[in-house]
Amino acid sequence: AAFQLGADPARGLRNNQGFESLTRLPNGRLVAGLEQPLLEDGAPPTFDQGAYGRLVEFEPRNRTWRAGREWRYPIEPTPRVEGYDEICDGGENGLVDLLAISDTLLLALERACLLDPASRRTANVVHVFAVELAGADIRKTRVLDLSHLTDRLSPALARLDNFEALAFGPSFPGSGPTLLVASDDNFNKAQKQSFLLFGMLDSVRVAFNSGGEVAGANRMITMSRLSITQMLPYSLTEQVRATPGVKDAAFAAWFGGIYRDPKNFFANFSVSEN
């Protein structure tokens with residue numbers, strides 16, 4: 001009932017802003033995401049405030065699909081772009097696609113459309129996030145901002161476009177996996193169908209999964225429930241080390257790094273000597 005359209009004017013799906021994204025996990029389950037919040041979950045994102053959509057898991061049962069777990073998905077506020085002071089009709093920042101990297105790690109694509117009220121020209125803002133399904137919670141970190149790459153793209157994409165699709169791209173000899181980001185022209189002459197191909201850093205997957213991979217009966221990983229980028233106080237290291245039964249404790253901290261140019265973001269971790 002929560003995902004019906006039009007049955008109740010105060011509840012359910014927003015018109016043309018319901019389930020927009022779908023991905024298949026390696027375990028065979030599906031995860032679908034709403035582009036915008038349900039009516040009862042609040043308004044879509046504004047320039048000053050984000051919103052909460054939903055992710056829904058579907059499990060295969062007896063030749064059909066049954067809804068399983070749900071997560072509240074934090075949609076970022078609609079980004080501001082100088083000169084584009086209005087949001088296009090229905091162009092609030094929203095979740096438009098998902099791509100499963102593992103059973104607990106997804107890539108999420110968010111896109112917004114902005115309008116220059118004087119010229120009526122539009123500009124798009126497109127971000128890719130790494131999203132970890134951590135039990136009942138979601139941890140989310142931005143890994144790609146397409147606006148940082150416009151000087152390397154065709155002039156026709158100077159203001160980007162309606163990018164709203166993610167897929168694994170082709171593999172090339174001597175390289176890792178690739179990510180394909182595609183735009184939809186909506187059969188609109190003012191929009192373009194474009195494809196961008198990116199090399200994927202396996203360190204993104206490793207960073208998110210490392211906690212589970214190194215944890216064991218004699219080793220425990222503790223981190224902020226908000227994000228891997230949210231550091232715990234360093235003083236907790238000694239408190240953990242002093243806990244009865246703990247042999248030793250080490251500390252690791254995320255910090256943003258760049259490669260040669262500020263636009264070339266590269267995630268880094270500083271770690272204890274041991």
# chains A, B, ... in the order shown; residues from 1 in each chain; ligands from 1

call {"tool": "residues_around", "arguments": {"residues": "Gly94 (chain A)", "least_positions_apart": "2", "cutoff": "7 Å", "atoms": "only C-alpha atoms", "output": "short mmCIF file (atom, residue, chain, number, x, y, z; two decimals) with all heavy atoms, in the first residue's frame"}}
result
data_model
loop_
_atom_site.label_atom_id
_atom_site.label_comp_id
_atom_site.auth_asym_id
_atom_site.auth_seq_id
_atom_site.Cartn_x
_atom_site.Cartn_y
_atom_site.Cartn_z
N GLU A 35 13.07 7.46 -6.71
CA GLU A 35 13.74 8.69 -7.13
C GLU A 35 13.55 9.79 -6.10
O GLU A 35 14.48 10.56 -5.83
CB GLU A 35 13.20 9.14 -8.48
CG GLU A 35 13.87 10.40 -9.00
CD GLU A 35 13.41 10.78 -10.40
OE1 GLU A 35 12.59 10.06 -10.98
OE2 GLU A 35 13.89 11.82 -10.91
N GLN A 36 12.35 9.89 -5.53
CA GLN A 36 12.04 10.91 -4.54
C GLN A 36 11.29 10.28 -3.37
O GLN A 36 10.82 9.15 -3.46
CB GLN A 36 11.19 12.03 -5.16
CG GLN A 36 11.89 12.83 -6.23
CD GLN A 36 13.05 13.66 -5.70
OE1 GLN A 36 13.27 13.76 -4.50
NE2 GLN A 36 13.83 14.27 -6.60
N ILE A 75 18.89 11.33 0.36
CA ILE A 75 19.12 12.05 -0.89
C ILE A 75 19.73 13.41 -0.55
O ILE A 75 19.23 14.13 0.31
CB ILE A 75 17.80 12.24 -1.66
CG1 ILE A 75 17.09 10.90 -1.88
CG2 ILE A 75 18.06 12.92 -3.01
CD1 ILE A 75 15.71 11.04 -2.47
N GLU A 92 14.37 18.34 -8.96
CA GLU A 92 15.06 18.25 -7.67
C GLU A 92 16.05 17.08 -7.68
O GLU A 92 15.85 16.08 -8.38
CB GLU A 92 14.05 18.03 -6.53
CG GLU A 92 13.05 19.14 -6.36
CD GLU A 92 11.79 18.95 -7.15
OE1 GLU A 92 11.75 18.01 -7.99
OE2 GLU A 92 10.84 19.72 -6.95
N VAL A 96 18.61 8.17 -9.28
CA VAL A 96 18.15 7.74 -10.60
C VAL A 96 18.69 6.38 -11.03
O VAL A 96 18.17 5.79 -11.98
CB VAL A 96 18.48 8.80 -11.67
CG1 VAL A 96 17.63 10.05 -11.46
CG2 VAL A 96 19.97 9.15 -11.68
N GLU A 110 22.96 10.16 -8.46
CA GLU A 110 22.00 11.21 -8.15
C GLU A 110 22.16 12.33 -9.18
O GLU A 110 23.28 12.68 -9.54
CB GLU A 110 22.20 11.76 -6.73
CG GLU A 110 21.91 10.72 -5.65
CD GLU A 110 21.97 11.30 -4.25
OE1 GLU A 110 21.92 12.54 -4.11
OE2 GLU A 110 22.07 10.51 -3.29
N ARG A 111 21.00 12.88 -9.60
CA ARG A 111 21.03 13.89 -10.66
C ARG A 111 20.01 14.98 -10.37
O ARG A 111 18.91 14.72 -9.91
CB ARG A 111 20.74 13.21 -12.00
CG ARG A 111 20.74 14.14 -13.20
CD ARG A 111 19.34 14.51 -13.62
NE ARG A 111 18.57 13.37 -14.02
CZ ARG A 111 17.39 13.08 -13.49
NH1 ARG A 111 16.88 13.83 -12.53
NH2 ARG A 111 16.69 12.03 -13.91
N ALA A 112 20.38 16.24 -10.65
CA ALA A 112 19.48 17.38 -10.50
C ALA A 112 19.52 18.22 -11.77
O ALA A 112 20.53 18.25 -12.47
CB ALA A 112 19.87 18.23 -9.29
#

call {"tool": "residues_around", "arguments": {"residues": "Pro26 (chain A)", "least_positions_apart": "5", "cutoff": "10 Å", "atoms": "only C-alpha atoms", "output": "list in words"}}
result
Ala100, Ile101, Ser102, Asp103 and Thr104 of chain A

call {"tool": "residues_around", "arguments": {"residues": "Tyr73 (chain A)", "least_positions_apart": "4", "cutoff": "8 Å", "atoms": "only C-alpha atoms", "output": "list in words"}}
result
Tyr52, Gly53, Arg54, Leu55 and Ile138 of chain A

call {"tool": "residues_around", "arguments": {"residues": "Ala158 (chain A)", "least_positions_apart": "5", "cutoff": "12 Å", "atoms": "only C-alpha atoms", "output": "ChimeraX atom specification"}}
result
/A:122-125,146-153

call {"tool": "residues_around", "arguments": {"residues": "Leu22 (chain A)", "least_positions_apart": "5", "cutoff": "7 Å", "atoms": "only C-alpha atoms", "output": "list in words"}}
result
Leu30, Val31, Ala32, Gly33, Asp97 and Leu98 of chain A

call {"tool": "residues_around", "arguments": {"residues": "Glu40 (chain A)", "least_positions_apart": "2", "cutoff": "8 Å", "atoms": "only C-alpha atoms", "output": "list in words"}}
result
Ala10, Arg11, Gly12, Pro37, Leu38 and Gly42 of chain A

call {"tool": "select_by_dssp", "arguments": {"residues": "region 14-239 of chain A", "states": "strand (DSSP E or B)", "output": "PyMOL selection string"}}
result
chain A and resi 19-24+30-34+51-61+64-75+81+84+86-87+94-100+105-115+122-134+137-145+163-168+178-183+195-199+216+219

call {"tool": "residues_around", "arguments": {"residues": "Cys113 (chain A)", "least_positions_apart": "5", "cutoff": "12 Å", "atoms": "only C-alpha atoms", "output": "number ranges by chain"}}
result
A: 46-47, 78-81, 84-94, 120-126, 159-164, 191

call {"tool": "closest_residue", "arguments": {"among": "A:Leu95, A:Leu196, A:Leu144, A:Gly169", "to": "Ala182 (chain A)", "atoms": "only C-alpha atoms"}}
result
A:Leu196

call {"tool": "select_by_dssp", "arguments": {"residues": "region 76-204 of chain A", "states": "helix (DSSP H, G or I)", "output": "number ranges by chain"}}
result
A: 146-152, 155-157, 202-204

call {"tool": "write_last_selection", "arguments": {"atoms": "C-alpha atoms", "output": "JSON list (two decimals), in the first residue's frame"}}
result
[["chain", "number", "residue", "atom", "x", "y", "z"],
["A", 146, "LEU", "CA", 30.89, 14.99, -13.00],
["A", 147, "SER", "CA", 31.05, 18.79, -12.80],
["A", 148, "HIS", "CA", 34.77, 18.44, -12.04],
["A", 149, "LEU", "CA", 35.28, 16.79, -15.42],
["A", 150, "THR", "CA", 33.43, 19.12, -17.79],
["A", 151, "ASP", "CA", 36.66, 20.72, -19.06],
["A", 152, "ARG", "CA", 37.67, 17.27, -20.34],
["A", 155, "PRO", "CA", 31.71, 21.23, -25.41],
["A", 156, "ALA", "CA", 28.21, 19.83, -25.93],
["A", 157, "LEU", "CA", 28.40, 18.50, -22.36],
["A", 202, "ASP", "CA", 39.05, -1.45, -6.76],
["A", 203, "SER", "CA", 40.12, 0.43, -3.64],
["A", 204, "VAL", "CA", 36.53, 1.72, -3.33]]

call {"tool": "closest_residue", "arguments": {"among": "A:Arg72, A:Arg61, A:His127, A:Arg219", "to": "Ala165 (chain A)", "atoms": "only C-alpha atoms"}}
result
A:His127

call {"tool": "atom_distance", "arguments": {"atom1": "CA of Ala108 (chain A)", "atom2": "CA of Met231 (chain A)"}}
result
22.8 Å

call {"tool": "closest_residue", "arguments": {"among": "A:Gln49, A:Gln17, A:Ser183, A:Ser119", "to": "Glu76 (chain A)", "atoms": "only C-alpha atoms"}}
result
A:Gln49

call {"tool": "atom_distance", "arguments": {"atom1": "CA of Arg69 (chain A)", "atom2": "CA of Arg14 (chain A)"}}
result
21.4 Å
